[in-house]
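> This one is protein38.csv, CSV, C-alpha atoms.
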chain,number,residue,atom,x,y,z
A,1,MET,CA,0.0,0.0,0.0
A,2,ALA,CA,1.3,3.4,-0.8
A,3,TYR,CA,0.7,4.7,2.6
A,4,ALA,CA,2.6,2.1,4.5
A,5,GLN,CA,5.1,4.7,5.6
A,6,PRO,CA,3.2,7.8,6.6
A,7,HIS,CA,4.8,11.1,6.2
A,8,PRO,CA,6.1,12.3,9.6
A,9,ARG,CA,4.1,15.5,9.3
A,10,LEU,CA,0.9,13.7,9.1
A,11,SER,CA,-1.2,14.4,12.2
A,12,VAL,CA,-1.9,11.9,14.8
A,13,VAL,CA,-5.6,11.9,13.8
A,14,SER,CA,-4.8,10.9,10.2
A,15,ASN,CA,-2.4,8.2,11.5
A,16,SER,CA,-5.1,6.6,13.6
A,17,SER,CA,-7.6,6.7,10.8
A,18,GLN,CA,-5.0,5.1,8.6
A,19,SER,CA,-4.5,2.2,10.9
A,20,SER,CA,-8.2,1.7,11.0
A,21,VAL,CA,-8.2,1.5,7.3
A,22,ASP,CA,-5.5,-1.1,7.4
A,23,HIS,CA,-7.6,-3.0,9.9
A,24,LEU,CA,-10.4,-3.2,7.4
A,25,SER,CA,-8.2,-4.3,4.6
A,26,PRO,CA,-9.7,-6.6,2.0
A,27,THR,CA,-8.4,-9.7,3.6
A,28,THR,CA,-10.8,-9.3,6.5
A,29,THR,CA,-13.9,-8.4,4.5
A,30,SER,CA,-16.8,-10.7,4.0
A,31,THR,CA,-18.6,-10.8,0.7
A,32,ARG,CA,-21.1,-8.2,2.0
A,33,PHE,CA,-18.6,-5.6,2.9
A,34,SER,CA,-16.2,-5.3,0.1
A,35,LEU,CA,-14.7,-1.9,0.6
A,36,PRO,CA,-13.3,0.2,-2.2
A,37,SER,CA,-9.5,-0.1,-2.3
A,38,ALA,CA,-8.3,1.9,0.7
A,39,PRO,CA,-6.3,4.7,-1.0
A,40,SER,CA,-9.4,6.3,-2.4
A,41,ILE,CA,-10.5,7.3,1.1
A,42,HIS,CA,-7.2,9.0,1.6
A,43,ALA,CA,-6.9,10.4,-1.8
A,44,ALA,CA,-8.1,13.7,-0.5
A,45,VAL,CA,-5.2,14.2,1.8
A,46,PRO,CA,-2.4,14.7,-0.7
A,47,SER,CA,-4.6,15.9,-3.5
A,48,LYS,CA,-4.2,19.6,-2.8
A,49,THR,CA,-1.6,19.7,-5.6
A,50,ALA,CA,-3.9,18.1,-8.1
A,51,THR,CA,-7.1,20.1,-7.9
A,52,ASN,CA,-8.9,22.5,-5.5
A,53,ARG,CA,-12.2,20.7,-5.9
A,54,PRO,CA,-13.0,18.8,-2.6
A,55,SER,CA,-13.4,15.1,-3.0
A,56,ILE,CA,-16.8,13.5,-2.3
A,57,TYR,CA,-15.5,12.4,1.1
A,58,ASP,CA,-14.9,16.0,2.1
A,59,ARG,CA,-18.2,17.3,1.1
A,60,ASN,CA,-20.8,18.4,3.7
A,61,LEU,CA,-23.2,15.5,4.2
A,62,ASN,CA,-26.1,17.9,4.3
A,63,LYS,CA,-25.4,19.3,0.9
A,64,THR,CA,-27.5,16.7,-0.8
A,65,ARG,CA,-30.1,16.3,1.9
A,66,GLY,CA,-32.9,17.5,-0.2
A,67,ALA,CA,-31.4,16.6,-3.6
A,68,GLU,CA,-33.4,14.3,-5.8
A,69,VAL,CA,-32.2,11.8,-8.4
A,70,SER,CA,-33.7,11.6,-11.8
A,71,ALA,CA,-36.1,8.7,-11.8
A,72,ALA,CA,-35.2,7.9,-15.5
A,73,SER,CA,-31.5,7.7,-14.8
A,74,PHE,CA,-32.1,5.5,-11.8
A,75,ALA,CA,-34.4,3.2,-13.9
A,76,PHE,CA,-31.7,2.7,-16.5
A,77,LEU,CA,-29.1,2.2,-13.8
A,78,PHE,CA,-31.2,-0.4,-12.0
A,79,SER,CA,-32.0,-2.1,-15.3
A,80,GLU,CA,-28.3,-2.5,-16.0
A,81,ILE,CA,-27.7,-3.8,-12.5
A,82,VAL,CA,-30.4,-6.4,-13.0
A,83,GLN,CA,-29.0,-7.4,-16.4
A,84,TYR,CA,-25.4,-7.5,-15.1
A,85,THR,CA,-26.5,-9.7,-12.2
A,86,GLN,CA,-28.6,-11.9,-14.3
A,87,LYS,CA,-25.7,-12.8,-16.5
A,88,ARG,CA,-23.6,-13.9,-13.5
A,89,VAL,CA,-26.0,-16.2,-11.7
A,90,SER,CA,-27.8,-19.4,-12.2
A,91,GLY,CA,-31.5,-19.4,-11.4
A,92,ILE,CA,-34.0,-17.0,-9.8
A,93,ASN,CA,-33.0,-17.7,-6.2
A,94,ASP,CA,-29.4,-16.9,-6.9
A,95,LEU,CA,-30.5,-13.6,-8.7
A,96,GLU,CA,-32.6,-12.6,-5.8
A,97,ARG,CA,-29.8,-13.3,-3.3
A,98,GLN,CA,-27.4,-11.2,-5.3
A,99,LEU,CA,-29.8,-8.3,-5.5
A,100,ASN,CA,-30.3,-8.7,-1.8
A,101,THR,CA,-26.6,-8.5,-1.2
A,102,LEU,CA,-26.3,-5.4,-3.4
A,103,GLY,CA,-29.2,-3.8,-1.5
A,104,TYR,CA,-27.5,-4.7,1.8
A,105,ARG,CA,-24.5,-2.6,0.9
A,106,VAL,CA,-26.8,0.3,0.1
A,107,GLY,CA,-28.7,-0.2,3.3
A,108,THR,CA,-25.7,0.0,5.7
A,109,ARG,CA,-24.9,3.4,4.1
A,110,VAL,CA,-28.5,4.6,4.2
A,111,LEU,CA,-28.8,3.8,7.9
A,112,GLU,CA,-25.6,5.7,8.8
A,113,LEU,CA,-26.4,8.7,6.7
A,114,MET,CA,-30.0,8.8,7.8
A,115,MET,CA,-29.1,8.6,11.5
A,116,TRP,CA,-26.4,11.2,11.1
A,117,ARG,CA,-28.9,13.6,9.5
A,118,ALA,CA,-31.7,12.9,11.9
A,119,GLU,CA,-29.8,12.7,15.2
A,120,GLY,CA,-26.6,14.5,14.5
A,121,SER,CA,-27.9,17.9,15.1
A,122,SER,CA,-30.3,17.1,17.9
A,123,LYS,CA,-29.4,18.0,21.5
A,124,ALA,CA,-30.2,14.5,22.8
A,125,PRO,CA,-29.3,12.0,20.1
A,126,LYS,CA,-30.9,8.7,20.6
A,127,ARG,CA,-31.2,5.4,18.9
A,128,GLU,CA,-34.1,3.2,18.4
A,129,ILE,CA,-34.1,0.1,20.6
A,130,LYS,CA,-37.8,-1.0,20.5
A,131,LEU,CA,-38.8,-3.3,17.7
A,132,LEU,CA,-42.0,-1.6,16.8
A,133,SER,CA,-40.4,1.9,16.6
A,134,VAL,CA,-37.6,0.4,14.5
A,135,LEU,CA,-40.1,-1.1,12.1
A,136,MET,CA,-42.1,2.1,11.9
A,137,MET,CA,-38.8,3.9,11.2
A,138,VAL,CA,-38.1,1.5,8.3
A,139,HIS,CA,-41.6,2.0,7.0
A,140,THR,CA,-41.5,5.8,7.1
A,141,GLN,CA,-38.0,7.3,7.4
A,142,VAL,CA,-36.1,4.7,5.4
A,143,TRP,CA,-38.6,4.6,2.7
A,144,LYS,CA,-38.7,8.4,2.5
A,145,ALA,CA,-34.9,8.6,2.4
A,146,VAL,CA,-34.6,6.0,-0.3
A,147,PHE,CA,-37.8,6.4,-2.4
A,148,GLY,CA,-39.2,9.8,-1.3
A,149,LYS,CA,-42.4,8.5,0.1
A,150,PRO,CA,-43.4,6.3,3.0
A,151,ALA,CA,-44.4,2.7,2.4
A,152,ASP,CA,-48.1,1.9,2.1
A,153,ALA,CA,-48.7,-0.5,5.0
A,154,ILE,CA,-47.0,-2.5,7.7
A,155,GLU,CA,-48.6,-5.6,9.1
A,156,ARG,CA,-47.8,-8.4,11.5
A,157,SER,CA,-48.2,-11.9,10.3
A,158,VAL,CA,-51.2,-13.8,11.8
A,159,GLU,CA,-49.6,-17.2,11.7
A,160,ASN,CA,-46.0,-16.4,12.6
A,161,PRO,CA,-45.6,-13.8,15.4
A,162,ASP,CA,-42.0,-13.2,14.4
A,163,GLU,CA,-42.9,-12.1,10.8
A,164,TYR,CA,-43.7,-8.6,9.8
A,165,MET,CA,-44.6,-7.3,6.3
A,166,ILE,CA,-44.0,-3.9,4.8
A,167,ILE,CA,-46.2,-3.3,1.7
A,168,ASP,CA,-45.5,-1.0,-1.2
A,169,ASN,CA,-48.3,-0.7,-3.7
A,170,ASN,CA,-46.1,0.6,-6.5
A,171,PRO,CA,-42.4,0.3,-5.7
A,172,PRO,CA,-40.5,2.9,-7.7
A,173,ILE,CA,-37.7,0.5,-8.6
A,174,GLU,CA,-40.2,-1.9,-10.3
A,175,ARG,CA,-42.3,0.7,-12.1
A,176,HIS,CA,-40.9,0.0,-15.5
A,177,ILE,CA,-40.0,-3.7,-15.1
A,178,SER,CA,-42.1,-6.4,-16.6
A,179,VAL,CA,-40.9,-9.8,-15.4
A,180,PRO,CA,-41.3,-12.5,-18.1
A,181,ARG,CA,-43.8,-15.3,-17.3
A,182,ASP,CA,-41.2,-18.0,-17.0
A,183,MET,CA,-39.6,-16.1,-14.1
A,184,SER,CA,-42.8,-15.0,-12.5
A,185,GLN,CA,-41.6,-15.7,-8.9
A,186,LEU,CA,-38.8,-13.2,-9.3
A,187,SER,CA,-39.2,-9.9,-7.4
A,188,CYS,CA,-36.6,-7.2,-8.2
A,189,SER,CA,-37.6,-5.7,-4.9
A,190,SER,CA,-35.1,-8.1,-3.3
A,191,PHE,CA,-32.9,-5.1,-3.6
A,192,THR,CA,-35.2,-3.2,-1.3
A,193,ALA,CA,-35.3,-6.3,1.0
A,194,GLY,CA,-31.5,-6.1,1.2
A,195,ILE,CA,-31.7,-2.4,2.3
A,196,VAL,CA,-34.2,-3.3,5.0
A,197,GLU,CA,-32.1,-6.2,6.1
A,198,ALA,CA,-29.1,-4.0,6.5
A,199,VAL,CA,-31.0,-1.4,8.5
A,200,LEU,CA,-32.4,-4.0,10.8
A,201,ASP,CA,-29.0,-5.6,11.2
A,202,GLY,CA,-27.4,-2.2,11.9
A,203,LEU,CA,-30.0,-1.6,14.7
A,204,SER,CA,-29.3,-5.1,16.2
A,205,PHE,CA,-32.5,-6.7,15.1
A,206,PRO,CA,-31.1,-9.4,12.8
A,207,ALA,CA,-33.7,-10.7,10.4
A,208,ARG,CA,-34.0,-12.5,7.1
A,209,VAL,CA,-35.8,-10.2,4.6
A,210,THR,CA,-37.3,-11.3,1.3
A,211,ALA,CA,-39.5,-9.7,-1.3
A,212,HIS,CA,-42.7,-11.2,-2.8
A,213,ASN,CA,-45.1,-10.1,-5.5
A,214,THR,CA,-48.5,-9.8,-4.1
A,215,PRO,CA,-50.5,-8.1,-6.9
A,216,ASN,CA,-54.1,-7.2,-6.3
A,217,SER,CA,-56.8,-5.9,-8.7
A,218,GLN,CA,-55.9,-2.3,-8.1
A,219,TYR,CA,-52.1,-2.5,-8.0
A,220,SER,CA,-50.4,-4.9,-10.3
A,221,ASN,CA,-46.9,-4.1,-8.9
A,222,ARG,CA,-47.8,-4.5,-5.3
A,223,THR,CA,-44.9,-5.9,-3.4
A,224,THR,CA,-44.6,-7.3,0.1
A,225,ILE,CA,-41.3,-7.1,2.0
A,226,LEU,CA,-41.3,-10.0,4.4
A,227,ILE,CA,-39.3,-9.6,7.6
A,228,LYS,CA,-38.5,-12.8,9.5
A,229,LEU,CA,-36.8,-11.9,12.8
A,230,GLU,CA,-34.0,-14.3,13.8
A,231,ASN,CA,-34.6,-13.8,17.5
A,232,GLN,CA,-37.9,-13.4,19.5
A,233,PHE,CA,-38.1,-9.9,20.9
B,234,MET,CA,-61.5,8.3,-36.6
B,235,THR,CA,-60.3,4.7,-36.2
B,236,ILE,CA,-57.0,3.3,-35.3
B,237,PHE,CA,-56.5,0.0,-37.0
B,238,GLY,CA,-53.0,-1.1,-35.9
B,239,LEU,CA,-49.6,-0.3,-34.5
B,240,TRP,CA,-46.2,-1.6,-35.7
B,241,VAL,CA,-42.8,-1.1,-34.2
B,242,VAL,CA,-39.9,-1.6,-36.7
B,243,ASN,CA,-36.4,-1.8,-35.4
B,244,LYS,CA,-33.5,0.0,-37.0
B,245,ALA,CA,-32.6,-3.0,-39.1
B,246,GLY,CA,-36.1,-3.2,-40.6
B,247,GLY,CA,-37.3,-6.1,-38.4
B,248,LEU,CA,-40.8,-6.0,-37.0
B,249,VAL,CA,-40.6,-6.2,-33.2
B,250,TYR,CA,-44.2,-5.4,-32.3
B,251,GLN,CA,-47.5,-5.7,-34.1
B,252,ARG,CA,-50.9,-5.3,-32.8
B,253,ASN,CA,-54.4,-4.7,-34.3
B,254,PHE,CA,-57.0,-2.6,-32.5
B,255,ALA,CA,-60.0,-2.5,-34.9
B,256,ASP,CA,-61.6,-4.8,-37.5
B,257,GLY,CA,-61.2,-3.9,-41.1
B,258,LEU,CA,-57.6,-4.8,-41.9
B,259,ALA,CA,-56.9,-7.7,-44.2
B,260,PRO,CA,-55.9,-10.7,-42.0
B,261,LEU,CA,-52.3,-11.5,-42.6
B,262,THR,CA,-49.9,-14.1,-41.2
B,263,SER,CA,-47.0,-13.0,-39.0
B,264,ASN,CA,-44.6,-13.8,-41.8
B,265,GLU,CA,-46.5,-11.5,-44.2
B,266,TYR,CA,-46.3,-8.7,-41.6
B,267,LEU,CA,-42.5,-9.2,-41.3
B,268,VAL,CA,-42.2,-8.9,-45.1
B,269,LEU,CA,-44.4,-5.8,-45.2
B,270,ALA,CA,-42.4,-4.1,-42.4
B,271,GLY,CA,-39.1,-4.9,-44.2
B,272,THR,CA,-40.6,-3.4,-47.4
B,273,LEU,CA,-41.7,-0.3,-45.6
B,274,HIS,CA,-38.2,0.1,-44.1
B,275,GLY,CA,-36.8,0.0,-47.7
B,276,ILE,CA,-39.4,2.6,-48.9
B,277,HIS,CA,-38.5,4.8,-46.0
B,278,ALA,CA,-34.8,4.6,-46.9
B,279,ILE,CA,-35.5,5.4,-50.5
B,280,THR,CA,-37.7,8.4,-49.7
B,281,SER,CA,-35.0,9.8,-47.3
B,282,ARG,CA,-32.5,9.7,-50.2
B,283,LEU,CA,-34.7,11.1,-52.8
B,284,SER,CA,-35.3,14.5,-51.3
B,285,PRO,CA,-34.6,17.3,-53.9
B,286,VAL,CA,-33.8,20.0,-51.4
B,287,GLY,CA,-31.5,19.2,-48.5
B,288,SER,CA,-31.7,16.2,-46.4
B,289,SER,CA,-35.0,14.5,-45.4
B,290,SER,CA,-36.1,12.3,-42.6
B,291,GLY,CA,-38.1,10.2,-45.1
B,292,VAL,CA,-41.7,9.4,-45.6
B,293,GLN,CA,-44.1,10.5,-42.8
B,294,VAL,CA,-47.6,9.6,-44.1
B,295,ILE,CA,-48.7,7.2,-46.8
B,296,GLU,CA,-52.3,7.7,-47.8
B,297,ALA,CA,-54.4,5.1,-49.5
B,298,GLU,CA,-58.0,5.1,-50.6
B,299,THR,CA,-59.3,3.8,-47.3
B,300,PHE,CA,-56.6,4.3,-44.7
B,301,LYS,CA,-53.3,5.9,-44.1
B,302,MET,CA,-50.0,4.9,-42.5
B,303,ASN,CA,-48.4,7.4,-40.1
B,304,ILE,CA,-44.7,6.9,-39.5
B,305,LEU,CA,-42.7,8.3,-36.7
B,306,LEU,CA,-38.9,7.9,-37.0
B,307,THR,CA,-36.9,8.3,-33.8
B,308,VAL,CA,-33.3,9.5,-33.6
B,309,THR,CA,-32.2,5.9,-32.9
B,310,GLY,CA,-33.8,4.6,-36.1
B,311,THR,CA,-36.7,2.8,-34.5
B,312,LYS,CA,-39.9,3.4,-36.5
B,313,PHE,CA,-43.4,3.5,-35.1
B,314,VAL,CA,-46.2,3.0,-37.7
B,315,LEU,CA,-49.8,3.7,-36.9
B,316,LEU,CA,-52.5,2.6,-39.3
B,317,THR,CA,-55.5,4.9,-39.1
B,318,SER,CA,-58.6,5.9,-41.0
B,319,LEU,CA,-58.2,8.9,-43.4
B,320,ALA,CA,-60.1,11.3,-41.2
B,321,ASP,CA,-57.9,10.7,-38.2
B,322,THR,CA,-55.9,13.7,-37.0
B,323,SER,CA,-54.6,12.4,-33.7
B,324,ALA,CA,-51.9,10.1,-35.1
B,325,ASP,CA,-49.0,12.4,-34.5
B,326,THR,CA,-49.8,12.9,-30.8
B,327,ILE,CA,-50.6,9.2,-30.3
B,328,LEU,CA,-47.3,8.2,-32.0
B,329,GLN,CA,-45.4,10.6,-29.7
B,330,LYS,CA,-47.1,9.0,-26.6
B,331,VAL,CA,-46.3,5.5,-28.0
B,332,TYR,CA,-42.7,6.5,-28.1
B,333,ASP,CA,-42.9,7.7,-24.5
B,334,ILE,CA,-44.4,4.4,-23.4
B,335,TYR,CA,-41.8,2.5,-25.4
B,336,SER,CA,-38.9,4.4,-23.7
B,337,ASP,CA,-40.4,3.6,-20.3
B,338,ALA,CA,-41.8,0.1,-20.5
B,339,VAL,CA,-39.4,-1.4,-23.0
B,340,MET,CA,-36.1,0.4,-22.8
B,341,LYS,CA,-36.0,0.5,-19.0
B,342,ASN,CA,-37.0,-3.1,-18.6
B,343,PRO,CA,-34.0,-5.3,-17.8
B,344,PHE,CA,-35.7,-8.3,-19.4
B,345,HIS,CA,-35.9,-6.8,-22.9
B,346,THR,CA,-33.1,-7.3,-25.4
B,347,PRO,CA,-32.7,-4.4,-27.7
B,348,GLU,CA,-33.7,-4.9,-31.4
B,349,MET,CA,-35.6,-8.1,-30.4
B,350,PRO,CA,-39.4,-8.6,-30.4
B,351,ILE,CA,-41.2,-6.8,-27.5
B,352,ARG,CA,-42.7,-9.1,-25.0
B,353,SER,CA,-43.5,-6.9,-22.1
B,354,ASP,CA,-46.8,-6.9,-20.2
B,355,GLY,CA,-46.3,-3.4,-19.1
B,356,PHE,CA,-46.0,-2.2,-22.7
B,357,ASP,CA,-49.1,-4.1,-23.8
B,358,THR,CA,-51.1,-2.8,-20.9
B,359,ARG,CA,-50.1,0.8,-21.4
B,360,ILE,CA,-50.6,0.7,-25.1
B,361,GLY,CA,-54.0,-0.7,-24.6
B,362,THR,CA,-54.9,2.1,-22.2
B,363,LEU,CA,-53.6,4.7,-24.6
B,364,ILE,CA,-55.2,3.6,-27.8
B,365,GLY,CA,-58.4,2.6,-26.0
B,366,ASN,CA,-58.6,6.1,-24.7
B,367,GLY,CA,-57.7,7.5,-28.2
B,368,GLN,CA,-60.7,5.9,-29.8
B,369,THR,CA,-63.4,7.1,-27.4
Kindly transcribe the structure held in the file into structure tokens.


Amino acid sequence: MAYAQPHPRLSVVSNSSQSSVDHLSPTTTSTRFSLPSAPSIHAAVPSKTATNRPSIYDRNLNKTRGAEVSAASFAFLFSEIVQYTQKRVSGINDLERQLNTLGYRVGTRVLELMMWRAEGSSKAPKREIKLLSVLMMVHTQVWKAVFGKPADAIERSVENPDEYMIIDNNPPIERHISVPRDMSQLSCSSFTAGIVEAVLDGLSFPARVTAHNTPNSQYSNRTTILIKLENQF
Amino acid sequence: MTIFGLWVVNKAGGLVYQRNFADGLAPLTSNEYLVLAGTLHGIHAITSRLSPVGSSSGVQVIEAETFKMNILLTVTGTKFVLLTSLADTSADTILQKVYDIYSDAVMKNPFHTPEMPIRSDGFDTRIGTLIGNGQT
């Protein structure tokens, strides 16, 4: 690594952050947490010579708080993600698992950023520790942060008390997707399920989250995100 | 004011979508439709080369005794063809909306292969809604 021998003038703070990067070097990562190669995080430190533009890591996190992403661009990007993934898997279950993994990586970042924005400026920051308020937060805040609108319903399963369902009548990521008939069990909302799984994991409510198509007469894209908690709370 | 049918022709002249909406068209086999679409593609190419003054985007309307064909050429070379009655004036706006729906329901669908026949429920449904509305 280029930074193995830090410059003596580097401050103590950056030294410590550096060792933490080393600690997370790719050898210790699981499949879910493949970090970008470490130098990119530190690229901003010596970059003063190259350009005055601050790197994305130096930017104020609130700068894009109210920013919106073009739905068309996202639709094309997500379409490419699905095509890319589909070429590298065998079968629908595998595809759903891969999408879930990709969503998981988004979810860890969504949780961190959302928490920072919501609690960072408050005088008495707190974290959610009750299951129901965590689920409500996923239903409302997470959905708003990711999709710009709250989900449509949240329900508890009648048969299995450890199962909860979040229902979206028209998920934005599936709006333009028509799944062929021979793959009818596939739900591209597995990506959303991955986001939810990461948020729940991050708040210490480990769960297995899956997505299912549950169309009704009014909404043909209606999707249920099924949360199966690993422990009883 | 009748809309008889809609064709989508890809940039190579292959018919990727064909659907009839009203009775009155001669019944044809899918093979005959493919040949006709290919011929239309050729005619279009000829007309765009024939223009006496400057460049031309090619034929836009072909009028016959009982019906007319309205052709919309997109910048990527895909052609949308709407078969309507002679009195119809809405063809241009409908073709524009068909192009909108095509960009949404076909091009953003990860399960569609470009230049291949369109098999997308979303496209079928939205076209049905559009042209159904167009006729009333």

> With a distance threshold of 8 Å and counting only C-alpha atoms, extract the residues of chain A near chain B and express them as a list in words.

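Residues satisfying the distance criterion: Ala75, Phe76, Ser79, Glu80, Val82, Gln83, His176, Ile177, Ser178, Val179 and Pro180 of chain A.
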
> Emit the selected residues as a short mmCIF file (atom, residue, chain, number, x, y, z; two decimals), keeping the file's coordinate frame, including C-alpha atoms.


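Final output, part.cif:
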data_model
loop_
_atom_site.label_atom_id
_atom_site.label_comp_id
_atom_site.auth_asym_id
_atom_site.auth_seq_id
_atom_site.Cartn_x
_atom_site.Cartn_y
_atom_site.Cartn_z
CA ALA A 75 -34.40 3.20 -13.90
CA PHE A 76 -31.70 2.70 -16.50
CA SER A 79 -32.00 -2.10 -15.30
CA GLU A 80 -28.30 -2.50 -16.00
CA VAL A 82 -30.40 -6.40 -13.00
CA GLN A 83 -29.00 -7.40 -16.40
CA HIS A 176 -40.90 0.00 -15.50
CA ILE A 177 -40.00 -3.70 -15.10
CA SER A 178 -42.10 -6.40 -16.60
CA VAL A 179 -40.90 -9.80 -15.40
CA PRO A 180 -41.30 -12.50 -18.10
#

> If I take atom CA of B:Arg282 and atom CA of B:Trp240, how far is one from the other in Å, to one decimal?

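Rounded to one decimal, the two atoms are 22.9 Å apart.
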
> Determine the nearest neighbour of B:Ile364 from the options B:Leu328, B:Val314, B:Leu258, B:Ala320, counting all atoms listed in the file.

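Ranked by minimum distance to B:Ile364, first place goes to B:Leu328.
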
> Distance cut-off 8 Å, centre (-36.3, -12.3, 11.8) in file coordinates, counting only C-alpha atoms: which residues qualify? Return them as a short mmCIF file (atom, residue, chain, number, x, y, z; two decimals) with C-alpha atoms, in the coordinates of the input.


data_model
loop_
_atom_site.label_atom_id
_atom_site.label_comp_id
_atom_site.auth_asym_id
_atom_site.auth_seq_id
_atom_site.Cartn_x
_atom_site.Cartn_y
_atom_site.Cartn_z
CA ASP A 162 -42.00 -13.20 14.40
CA GLU A 163 -42.90 -12.10 10.80
CA PHE A 205 -32.50 -6.70 15.10
CA PRO A 206 -31.10 -9.40 12.80
CA ALA A 207 -33.70 -10.70 10.40
CA ARG A 208 -34.00 -12.50 7.10
CA VAL A 209 -35.80 -10.20 4.60
CA ILE A 227 -39.30 -9.60 7.60
CA LYS A 228 -38.50 -12.80 9.50
CA LEU A 229 -36.80 -11.90 12.80
CA GLU A 230 -34.00 -14.30 13.80
CA ASN A 231 -34.60 -13.80 17.50
CA GLN A 232 -37.90 -13.40 19.50
#

> To one decimal place, how far is atom CA of A:Glu197 from atom CA of A:Tyr104 in Å?

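Rounded to one decimal, the two atoms are 6.5 Å apart.
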
> If we count only C-alpha atoms, what is near stretch 135-146 of chain A at a cut-off of 8 Å, once residues fewer than 4 positions away on the same chain are taken out, given as a ChimeraX atom specification?

/A:110-111,114,131,150-151,153-154,166,196,199

> Got time to write the residues from that selection, C-alpha atoms, as a compact mmCIF listing (two decimals), in the coordinates of the input?


# COMPACT_ATOMS: atom_id res chain seq x y z
CA VAL A 110 -28.50 4.60 4.20
CA LEU A 111 -28.80 3.80 7.90
CA MET A 114 -30.00 8.80 7.80
CA LEU A 131 -38.80 -3.30 17.70
CA PRO A 150 -43.40 6.30 3.00
CA ALA A 151 -44.40 2.70 2.40
CA ALA A 153 -48.70 -0.50 5.00
CA ILE A 154 -47.00 -2.50 7.70
CA ILE A 166 -44.00 -3.90 4.80
CA VAL A 196 -34.20 -3.30 5.00
CA VAL A 199 -31.00 -1.40 8.50

> In Å, with one decimal, what is the gap from atom CA of A:Leu61 to atom CA of A:Lys123?

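Those two atoms sit 18.5 Å apart.
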
> Measuring atom to atom with only C-alpha atoms, identify which of B:Leu239, B:Pro260, B:Thr317, B:Thr272 is nearest to B:Val331.

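Smallest distance to B:Val331 is found for B:Leu239.
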
> Can you list, as a PDB file with C-alpha atoms, in the frame of the given file, every protein, DNA or RNA residue that comes within 9 Å of A:Leu99 when you count all atoms listed in the file, leaving out same-chain residues fewer than 2 positions away?


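out-v6.pdb, freshly written:
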ATOM      1  CA  ILE A  81     -27.700  -3.800 -12.500  1.00  0.00           C
ATOM      2  CA  VAL A  82     -30.400  -6.400 -13.000  1.00  0.00           C
ATOM      3  CA  THR A  85     -26.500  -9.700 -12.200  1.00  0.00           C
ATOM      4  CA  ASP A  94     -29.400 -16.900  -6.900  1.00  0.00           C
ATOM      5  CA  LEU A  95     -30.500 -13.600  -8.700  1.00  0.00           C
ATOM      6  CA  GLU A  96     -32.600 -12.600  -5.800  1.00  0.00           C
ATOM      7  CA  ARG A  97     -29.800 -13.300  -3.300  1.00  0.00           C
ATOM      8  CA  THR A 101     -26.600  -8.500  -1.200  1.00  0.00           C
ATOM      9  CA  LEU A 102     -26.300  -5.400  -3.400  1.00  0.00           C
ATOM     10  CA  GLY A 103     -29.200  -3.800  -1.500  1.00  0.00           C
ATOM     11  CA  TYR A 104     -27.500  -4.700   1.800  1.00  0.00           C
ATOM     12  CA  CYS A 188     -36.600  -7.200  -8.200  1.00  0.00           C
ATOM     13  CA  SER A 189     -37.600  -5.700  -4.900  1.00  0.00           C
ATOM     14  CA  SER A 190     -35.100  -8.100  -3.300  1.00  0.00           C
ATOM     15  CA  PHE A 191     -32.900  -5.100  -3.600  1.00  0.00           C
ATOM     16  CA  THR A 192     -35.200  -3.200  -1.300  1.00  0.00           C
ATOM     17  CA  ALA A 193     -35.300  -6.300   1.000  1.00  0.00           C
ATOM     18  CA  GLY A 194     -31.500  -6.100   1.200  1.00  0.00           C
TER      19      GLY A 194
END

> Around stretch 318-336 of chain B, fit a box with edges along x, y and z, padding it by 5 Å on each side, then list its centre and edge lengths in Å to one decimal as JSON.


{"center_x": -49.5, "center_y": 8.1, "center_z": -33.4, "size_x": 31.2, "size_y": 21.2, "size_z": 30.0}

> Determine, counting all atoms listed in the file, which protein, DNA and RNA residues have an atom within 9 Å of an atom of B:Thr280; residues of the same chain fewer than 6 positions away are not included. Present the result as a PDB file with C-alpha atoms, in the frame of the given file.


ATOM      1  CA  SER B 289     -35.000  14.500 -45.400  1.00  0.00           C
ATOM      2  CA  SER B 290     -36.100  12.300 -42.600  1.00  0.00           C
ATOM      3  CA  GLY B 291     -38.100  10.200 -45.100  1.00  0.00           C
ATOM      4  CA  VAL B 292     -41.700   9.400 -45.600  1.00  0.00           C
TER       5      VAL B 292
END
